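File shown here: run_18.cif, holding mmCIF, C-alpha atoms and all ligand atoms.
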data_query
#
loop_
_atom_site.group_PDB
_atom_site.id
_atom_site.type_symbol
_atom_site.label_atom_id
_atom_site.label_comp_id
_atom_site.auth_asym_id
_atom_site.auth_seq_id
_atom_site.Cartn_x
_atom_site.Cartn_y
_atom_site.Cartn_z
ATOM 1 C CA GLY A 26 209.132 -71.592 -13.213
ATOM 2 C CA GLY A 27 206.193 -69.210 -13.110
ATOM 3 C CA GLY A 28 202.510 -69.722 -12.663
ATOM 4 C CA GLY A 29 202.837 -70.580 -8.989
ATOM 5 C CA SER A 30 203.691 -74.145 -9.939
ATOM 6 C CA ASP A 31 206.606 -74.514 -7.507
ATOM 7 C CA LYS A 32 204.408 -74.729 -4.448
ATOM 8 C CA ILE A 33 205.284 -77.831 -2.439
ATOM 9 C CA ASP A 34 202.395 -79.327 -0.498
ATOM 10 C CA TYR A 35 204.337 -82.090 1.247
ATOM 11 C CA VAL A 36 207.919 -83.150 1.909
ATOM 12 C CA PHE A 37 208.333 -86.847 2.662
ATOM 13 C CA LYS A 38 211.632 -88.226 3.921
ATOM 14 C CA VAL A 39 212.354 -91.740 2.688
ATOM 15 C CA VAL A 40 215.460 -93.716 3.688
ATOM 16 C CA LEU A 41 217.338 -96.392 1.768
ATOM 17 C CA ILE A 42 218.773 -99.204 3.870
ATOM 18 C CA GLY A 43 220.311 -102.606 3.283
ATOM 19 C CA ASP A 44 223.731 -104.176 2.900
ATOM 20 C CA SER A 45 226.534 -102.515 0.983
ATOM 21 C CA ALA A 46 226.544 -103.093 -2.811
ATOM 22 C CA VAL A 47 222.898 -104.180 -3.129
ATOM 23 C CA GLY A 48 222.266 -101.166 -5.388
ATOM 24 C CA LYS A 49 220.789 -98.509 -3.077
ATOM 25 C CA SER A 50 222.714 -95.622 -4.649
ATOM 26 C CA GLN A 51 221.873 -96.753 -8.174
ATOM 27 C CA ILE A 52 218.188 -97.130 -7.306
ATOM 28 C CA LEU A 53 218.307 -93.544 -6.060
ATOM 29 C CA ALA A 54 220.229 -92.341 -9.146
ATOM 30 C CA ARG A 55 217.595 -94.016 -11.338
ATOM 31 C CA PHE A 56 214.717 -92.429 -9.454
ATOM 32 C CA ALA A 57 216.150 -88.943 -8.940
ATOM 33 C CA ARG A 58 218.029 -88.407 -12.227
ATOM 34 C CA ASP A 59 217.162 -91.409 -14.417
ATOM 35 C CA GLU A 60 220.837 -92.367 -14.412
ATOM 36 C CA PHE A 61 222.714 -95.622 -13.816
ATOM 37 C CA SER A 62 226.397 -96.462 -13.453
ATOM 38 C CA LEU A 63 227.895 -99.952 -13.434
ATOM 39 C CA ASP A 64 231.077 -98.852 -11.658
ATOM 40 C CA SER A 65 229.519 -96.756 -8.913
ATOM 41 C CA LYS A 66 231.984 -96.118 -6.103
ATOM 42 C CA ALA A 67 230.949 -96.403 -2.474
ATOM 43 C CA THR A 68 228.628 -93.527 -1.733
ATOM 44 C CA ILE A 69 230.331 -90.334 -0.641
ATOM 45 C CA GLY A 70 229.135 -86.953 0.458
ATOM 46 C CA VAL A 71 225.597 -86.220 -0.619
ATOM 47 C CA GLU A 72 223.101 -87.085 2.102
ATOM 48 C CA PHE A 73 219.939 -87.052 0.061
ATOM 49 C CA GLN A 74 218.422 -86.294 -3.325
ATOM 50 C CA THR A 75 214.982 -84.966 -4.074
ATOM 51 C CA ARG A 76 212.363 -85.400 -6.741
ATOM 52 C CA THR A 77 209.011 -83.705 -6.806
ATOM 53 C CA LEU A 78 205.974 -85.598 -8.047
ATOM 54 C CA VAL A 79 202.279 -84.966 -8.209
ATOM 55 C CA ILE A 80 200.013 -87.256 -6.207
ATOM 56 C CA GLN A 81 196.272 -86.619 -6.360
ATOM 57 C CA HIS A 82 196.852 -83.025 -7.596
ATOM 58 C CA LYS A 83 199.238 -82.243 -4.737
ATOM 59 C CA SER A 84 202.925 -81.494 -5.131
ATOM 60 C CA VAL A 85 204.986 -83.970 -3.098
ATOM 61 C CA LYS A 86 208.712 -83.532 -2.668
ATOM 62 C CA ALA A 87 210.389 -86.862 -1.967
ATOM 63 C CA GLN A 88 213.601 -86.400 -0.016
ATOM 64 C CA ILE A 89 215.454 -89.693 -0.416
ATOM 65 C CA TRP A 90 218.335 -90.405 1.942
ATOM 66 C CA ASP A 91 221.197 -92.700 0.985
ATOM 67 C CA THR A 92 223.691 -94.168 3.461
ATOM 68 C CA ALA A 93 227.160 -92.734 3.059
ATOM 69 C CA GLY A 94 228.850 -96.131 3.157
ATOM 70 C CA GLN A 95 227.675 -96.699 6.744
ATOM 71 C CA GLU A 96 226.104 -100.079 6.066
ATOM 72 C CA ARG A 97 228.122 -101.972 8.667
ATOM 73 C CA TYR A 98 225.922 -103.308 11.426
ATOM 74 C CA ARG A 99 224.728 -100.518 13.737
ATOM 75 C CA ALA A 100 226.807 -97.878 11.912
ATOM 76 C CA VAL A 101 223.778 -96.065 10.501
ATOM 77 C CA THR A 102 223.031 -93.324 13.007
ATOM 78 C CA SER A 103 219.651 -92.417 14.447
ATOM 79 C CA ALA A 104 219.833 -89.027 12.677
ATOM 80 C CA TYR A 105 219.523 -90.946 9.429
ATOM 81 C CA TYR A 106 216.171 -92.417 10.464
ATOM 82 C CA ARG A 107 214.843 -89.284 12.187
ATOM 83 C CA GLY A 108 211.670 -87.978 10.567
ATOM 84 C CA ALA A 109 211.567 -90.742 7.958
ATOM 85 C CA VAL A 110 208.035 -91.632 6.875
ATOM 86 C CA GLY A 111 209.080 -94.242 4.322
ATOM 87 C CA ALA A 112 211.851 -96.775 3.762
ATOM 88 C CA LEU A 113 213.153 -98.971 0.983
ATOM 89 C CA LEU A 114 214.704 -102.060 2.539
ATOM 90 C CA VAL A 115 216.965 -103.342 -0.230
ATOM 91 C CA TYR A 116 218.659 -106.706 -0.849
ATOM 92 C CA ASP A 117 220.359 -108.143 -3.933
ATOM 93 C CA VAL A 118 218.488 -111.098 -5.478
ATOM 94 C CA THR A 119 221.876 -112.633 -6.404
ATOM 95 C CA LYS A 120 223.313 -112.364 -2.848
ATOM 96 C CA ARG A 121 221.587 -114.647 -0.344
ATOM 97 C CA GLN A 122 223.421 -112.998 2.555
ATOM 98 C CA SER A 123 221.933 -109.605 1.746
ATOM 99 C CA PHE A 124 218.454 -111.157 2.107
ATOM 100 C CA ASP A 125 219.405 -113.025 5.285
ATOM 101 C CA HIS A 126 220.391 -109.663 6.820
ATOM 102 C CA ILE A 127 216.987 -108.103 6.128
ATOM 103 C CA PRO A 128 215.458 -109.027 9.543
ATOM 104 C CA ARG A 129 218.350 -107.234 11.207
ATOM 105 C CA TRP A 130 217.818 -104.099 9.107
ATOM 106 C CA LEU A 131 214.091 -104.248 9.779
ATOM 107 C CA GLU A 132 214.645 -104.469 13.517
ATOM 108 C CA GLU A 133 216.997 -101.483 13.401
ATOM 109 C CA LEU A 134 214.524 -99.528 11.279
ATOM 110 C CA ARG A 135 211.611 -100.280 13.576
ATOM 111 C CA SER A 136 213.577 -99.359 16.682
ATOM 112 C CA HIS A 137 214.580 -95.947 15.264
ATOM 113 C CA ALA A 138 211.832 -94.814 12.942
ATOM 114 C CA ASP A 139 208.277 -93.572 13.281
ATOM 115 C CA ARG A 140 205.742 -96.228 14.229
ATOM 116 C CA ASN A 141 203.713 -95.600 11.064
ATOM 117 C CA ILE A 142 206.651 -95.738 8.663
ATOM 118 C CA VAL A 143 205.793 -97.268 5.274
ATOM 119 C CA ILE A 144 208.280 -99.967 4.347
ATOM 120 C CA MET A 145 208.913 -101.530 0.940
ATOM 121 C CA LEU A 146 211.090 -104.656 0.702
ATOM 122 C CA VAL A 147 213.060 -104.406 -2.557
ATOM 123 C CA GLY A 148 214.894 -107.268 -4.267
ATOM 124 C CA ASN A 149 217.237 -105.514 -6.718
ATOM 125 C CA LYS A 150 219.262 -106.729 -9.765
ATOM 126 C CA THR A 151 216.563 -108.845 -11.428
ATOM 127 C CA ASP A 152 218.455 -108.380 -14.702
ATOM 128 C CA LEU A 153 220.921 -110.978 -13.328
ATOM 129 C CA GLU A 154 218.276 -113.739 -13.398
ATOM 130 C CA ASP A 155 220.847 -116.481 -14.116
ATOM 131 C CA GLN A 156 222.589 -115.625 -10.812
ATOM 132 C CA ARG A 157 219.431 -115.506 -8.726
ATOM 133 C CA ALA A 158 219.926 -116.781 -5.134
ATOM 134 C CA VAL A 159 216.675 -115.566 -3.521
ATOM 135 C CA THR A 160 213.309 -116.695 -4.861
ATOM 136 C CA MET A 161 210.426 -114.294 -5.215
ATOM 137 C CA GLU A 162 208.311 -116.670 -3.115
ATOM 138 C CA ASP A 163 210.699 -116.545 -0.128
ATOM 139 C CA ALA A 164 210.774 -112.759 -0.234
ATOM 140 C CA ARG A 165 207.037 -112.416 -0.681
ATOM 141 C CA GLU A 166 206.380 -114.737 2.249
ATOM 142 C CA PHE A 167 208.707 -112.718 4.474
ATOM 143 C CA ALA A 168 207.106 -109.442 3.348
ATOM 144 C CA GLN A 169 203.616 -110.749 4.112
ATOM 145 C CA LYS A 170 204.662 -111.988 7.535
ATOM 146 C CA GLU A 171 206.217 -108.606 8.384
ATOM 147 C CA ASN A 172 203.517 -106.493 6.747
ATOM 148 C CA LEU A 173 205.817 -104.906 4.162
ATOM 149 C CA PHE A 174 205.206 -103.953 0.570
ATOM 150 C CA PHE A 175 207.371 -105.995 -1.791
ATOM 151 C CA LEU A 176 208.758 -105.504 -5.303
ATOM 152 C CA GLU A 177 211.696 -106.766 -7.304
ATOM 153 C CA THR A 178 213.633 -104.131 -9.250
ATOM 154 C CA SER A 179 216.464 -103.599 -11.659
ATOM 155 C CA ALA A 180 218.115 -100.193 -11.366
ATOM 156 C CA LEU A 181 220.080 -101.137 -14.486
ATOM 157 C CA GLU A 182 217.025 -101.820 -16.622
ATOM 158 C CA ALA A 183 214.860 -99.257 -14.792
ATOM 159 C CA THR A 184 212.369 -101.986 -13.884
ATOM 160 C CA ASN A 185 209.953 -101.180 -11.028
ATOM 161 C CA VAL A 186 212.113 -98.401 -9.522
ATOM 162 C CA GLU A 187 209.479 -95.791 -10.271
ATOM 163 C CA ASN A 188 206.796 -98.194 -9.064
ATOM 164 C CA ALA A 189 208.593 -98.825 -5.749
ATOM 165 C CA PHE A 190 208.862 -95.126 -4.862
ATOM 166 C CA GLN A 191 205.384 -94.318 -6.197
ATOM 167 C CA THR A 192 203.841 -97.045 -4.055
ATOM 168 C CA VAL A 193 205.586 -95.898 -0.874
ATOM 169 C CA LEU A 194 204.908 -92.193 -1.481
ATOM 170 C CA THR A 195 201.250 -92.776 -2.352
ATOM 171 C CA GLU A 196 200.767 -94.895 0.766
ATOM 172 C CA ILE A 197 202.355 -92.159 2.912
ATOM 173 C CA PHE A 198 200.157 -89.610 1.171
ATOM 174 C CA ASN A 199 197.055 -91.655 1.972
ATOM 175 C CA ILE A 200 198.097 -91.974 5.626
ATOM 176 C CA VAL A 201 198.496 -88.211 6.101
ATOM 177 C CA ASN A 202 195.332 -87.334 4.183
HETATM 178 P P1 LIG B 301 224.991 -99.614 -2.614
HETATM 179 O O1 LIG B 301 226.285 -99.889 -1.896
HETATM 180 O O2 LIG B 301 223.872 -100.398 -2.017
HETATM 181 O O3 LIG B 301 224.699 -98.155 -2.723
HETATM 182 O O4 LIG B 301 225.163 -100.207 -4.103
HETATM 183 P P2 LIG B 301 225.480 -99.410 -5.460
HETATM 184 O O5 LIG B 301 224.294 -98.655 -5.922
HETATM 185 O O6 LIG B 301 226.749 -98.661 -5.308
HETATM 186 O O7 LIG B 301 225.666 -100.650 -6.466
HETATM 187 C C1 LIG B 301 226.662 -101.636 -6.220
HETATM 188 C C2 LIG B 301 227.037 -102.281 -7.547
HETATM 189 O O8 LIG B 301 225.910 -102.980 -8.087
HETATM 190 C C3 LIG B 301 227.477 -101.258 -8.616
HETATM 191 O O9 LIG B 301 228.468 -101.863 -9.421
HETATM 192 C C4 LIG B 301 226.208 -101.066 -9.417
HETATM 193 O O10 LIG B 301 226.468 -100.665 -10.733
HETATM 194 C C5 LIG B 301 225.606 -102.470 -9.371
HETATM 195 N N1 LIG B 301 224.133 -102.449 -9.516
HETATM 196 C C6 LIG B 301 223.238 -101.667 -8.858
HETATM 197 N N2 LIG B 301 221.989 -101.935 -9.262
HETATM 198 C C7 LIG B 301 222.085 -102.904 -10.191
HETATM 199 C C8 LIG B 301 221.132 -103.614 -10.998
HETATM 200 O O11 LIG B 301 219.922 -103.402 -10.943
HETATM 201 N N3 LIG B 301 221.633 -104.572 -11.836
HETATM 202 C C9 LIG B 301 222.968 -104.842 -11.950
HETATM 203 N N4 LIG B 301 223.352 -105.794 -12.817
HETATM 204 N N5 LIG B 301 223.896 -104.189 -11.219
HETATM 205 C C10 LIG B 301 223.454 -103.240 -10.359
HETATM 206 MG MG MG B 302 225.723 -96.571 -1.895
#

Mind turning the file's structure into structure tokens?
Ligand code: GDP
Ligand code: MG
Amino acid sequence: GGGGSDKIDYVFKVVLIGDSAVGKSQILARFARDEFSLDSKATIGVEFQTRTLVIQHKSVKAQIWDTAGQERYRAVTSAYYRGAVGALLVYDVTKRQSFDHIPRWLEELRSHADRNIVIMLVGNKTDLEDQRAVTMEDAREFAQKENLFFLETSALEATNVENAFQTVLTEIFNIVN
């Protein structure tokens, strides 16, 4: 558009990590395009999607990277983490194992990424409350211990997805300003 409104003040790379099928690609689809699919196939092709938001009168382009089905242990390459200033560390509130793997993902993230990376622990699929296998208290306790932000989301119901990205991007913004 005109009016000089396409000026980008910042580009922030944010990575999505966590076990396969926890909902990373749908969280990204919800944030980038406000879409959701219940039969999403394993991620193929596209490396990242972008969305530009305004934070404190500055134009911030969020470049959100999604794993291309590389969620097996140690299969995510260091190029994926390179330059990342934020991360969403995602588990599925109905899959205990996906939460039990979070320390492993965190260790990998911290060994590859920038020291100041902003990390949000995300418990996804809260719409499946009757199948819940991870309590909010357990997750919150872990997040506090590890100094992570924490939110529960539903990509399906669009609950807290916006909030999760906004929180991470605003925190990054505050660090660089
Ligand atoms: P990824 O492997 O981590 O990228 O997971 P996907 O985004 O492909 O999602 C895996 C499956 O979980 C798909 O069938 C999605 O439709 C489903 N899914 C993702 N987010 C949610 C959610 O918030 N609620 C429910 N009920 N299903 C979800
Ligand atoms: Mg995926």

Please return as a count of residues only every residue within 7 Å of (215.0, -106.4, -12.0), taking into account all atoms listed in the file and the file's own coordinates. 10

Quick one: pull the distance between atom CA of A:His126 and atom CA of A:Leu114, Å, one decimal.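 Value for the atom CA of A:His126-atom CA of A:Leu114 distance: 10.4 Å.
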
Counting only C-alpha atoms and all ligand atoms, name the residues that have an atom within 7 Å of an atom of ligand MG 302 (chain B); the answer should be given as JSON, numbers by chain. {"A": [45, 46, 48, 49, 50, 67, 68, 91, 92, 93, 94]}

Which centre and which edge lengths, in Å to one decimal, describe the axis-aligned box that holds all listed atoms of ligand LIG 301 (chain B) after 3 Å is added on each side, as AutoDock Vina command-line options?
--center_x 224.2 --center_y -102.0 --center_z -7.4 --size_x 14.5 --size_y 13.6 --size_z 16.9

So the first atom is atom CA of A:Asp139 and the second is atom CA of A:Tyr106; what is the distance between them in Å, to one decimal place?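 Going from atom CA of A:Asp139 over to atom CA of A:Tyr106 covers 8.5 Å.
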
For each of A:Asp117, A:Asp34, A:Glu72, A:Glu162, take the minimum atom-to-atom distance to ligand LIG 301 (chain B), counting only C-alpha atoms and all ligand atoms, then give the residue where this is smallest.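 Counting only C-alpha atoms and all ligand atoms, the residue closest to ligand LIG 301 (chain B) is A:Asp117.
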
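With all atoms listed in the file as the atoms that count, the residue of A:Arg165, A:Arg140, A:Arg97, A:Arg121 with the shortest distance to ligand LIG 301 (chain B) is A:Arg97.
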
Between A:Gln88, A:Ser123, A:Thr102, A:Thr77, which one has atoms that come closest to A:Ala164, using all atoms listed in the file?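 Going through A:Gln88, A:Ser123, A:Thr102, A:Thr77 one by one, the smallest distance to A:Ala164 is for A:Ser123.
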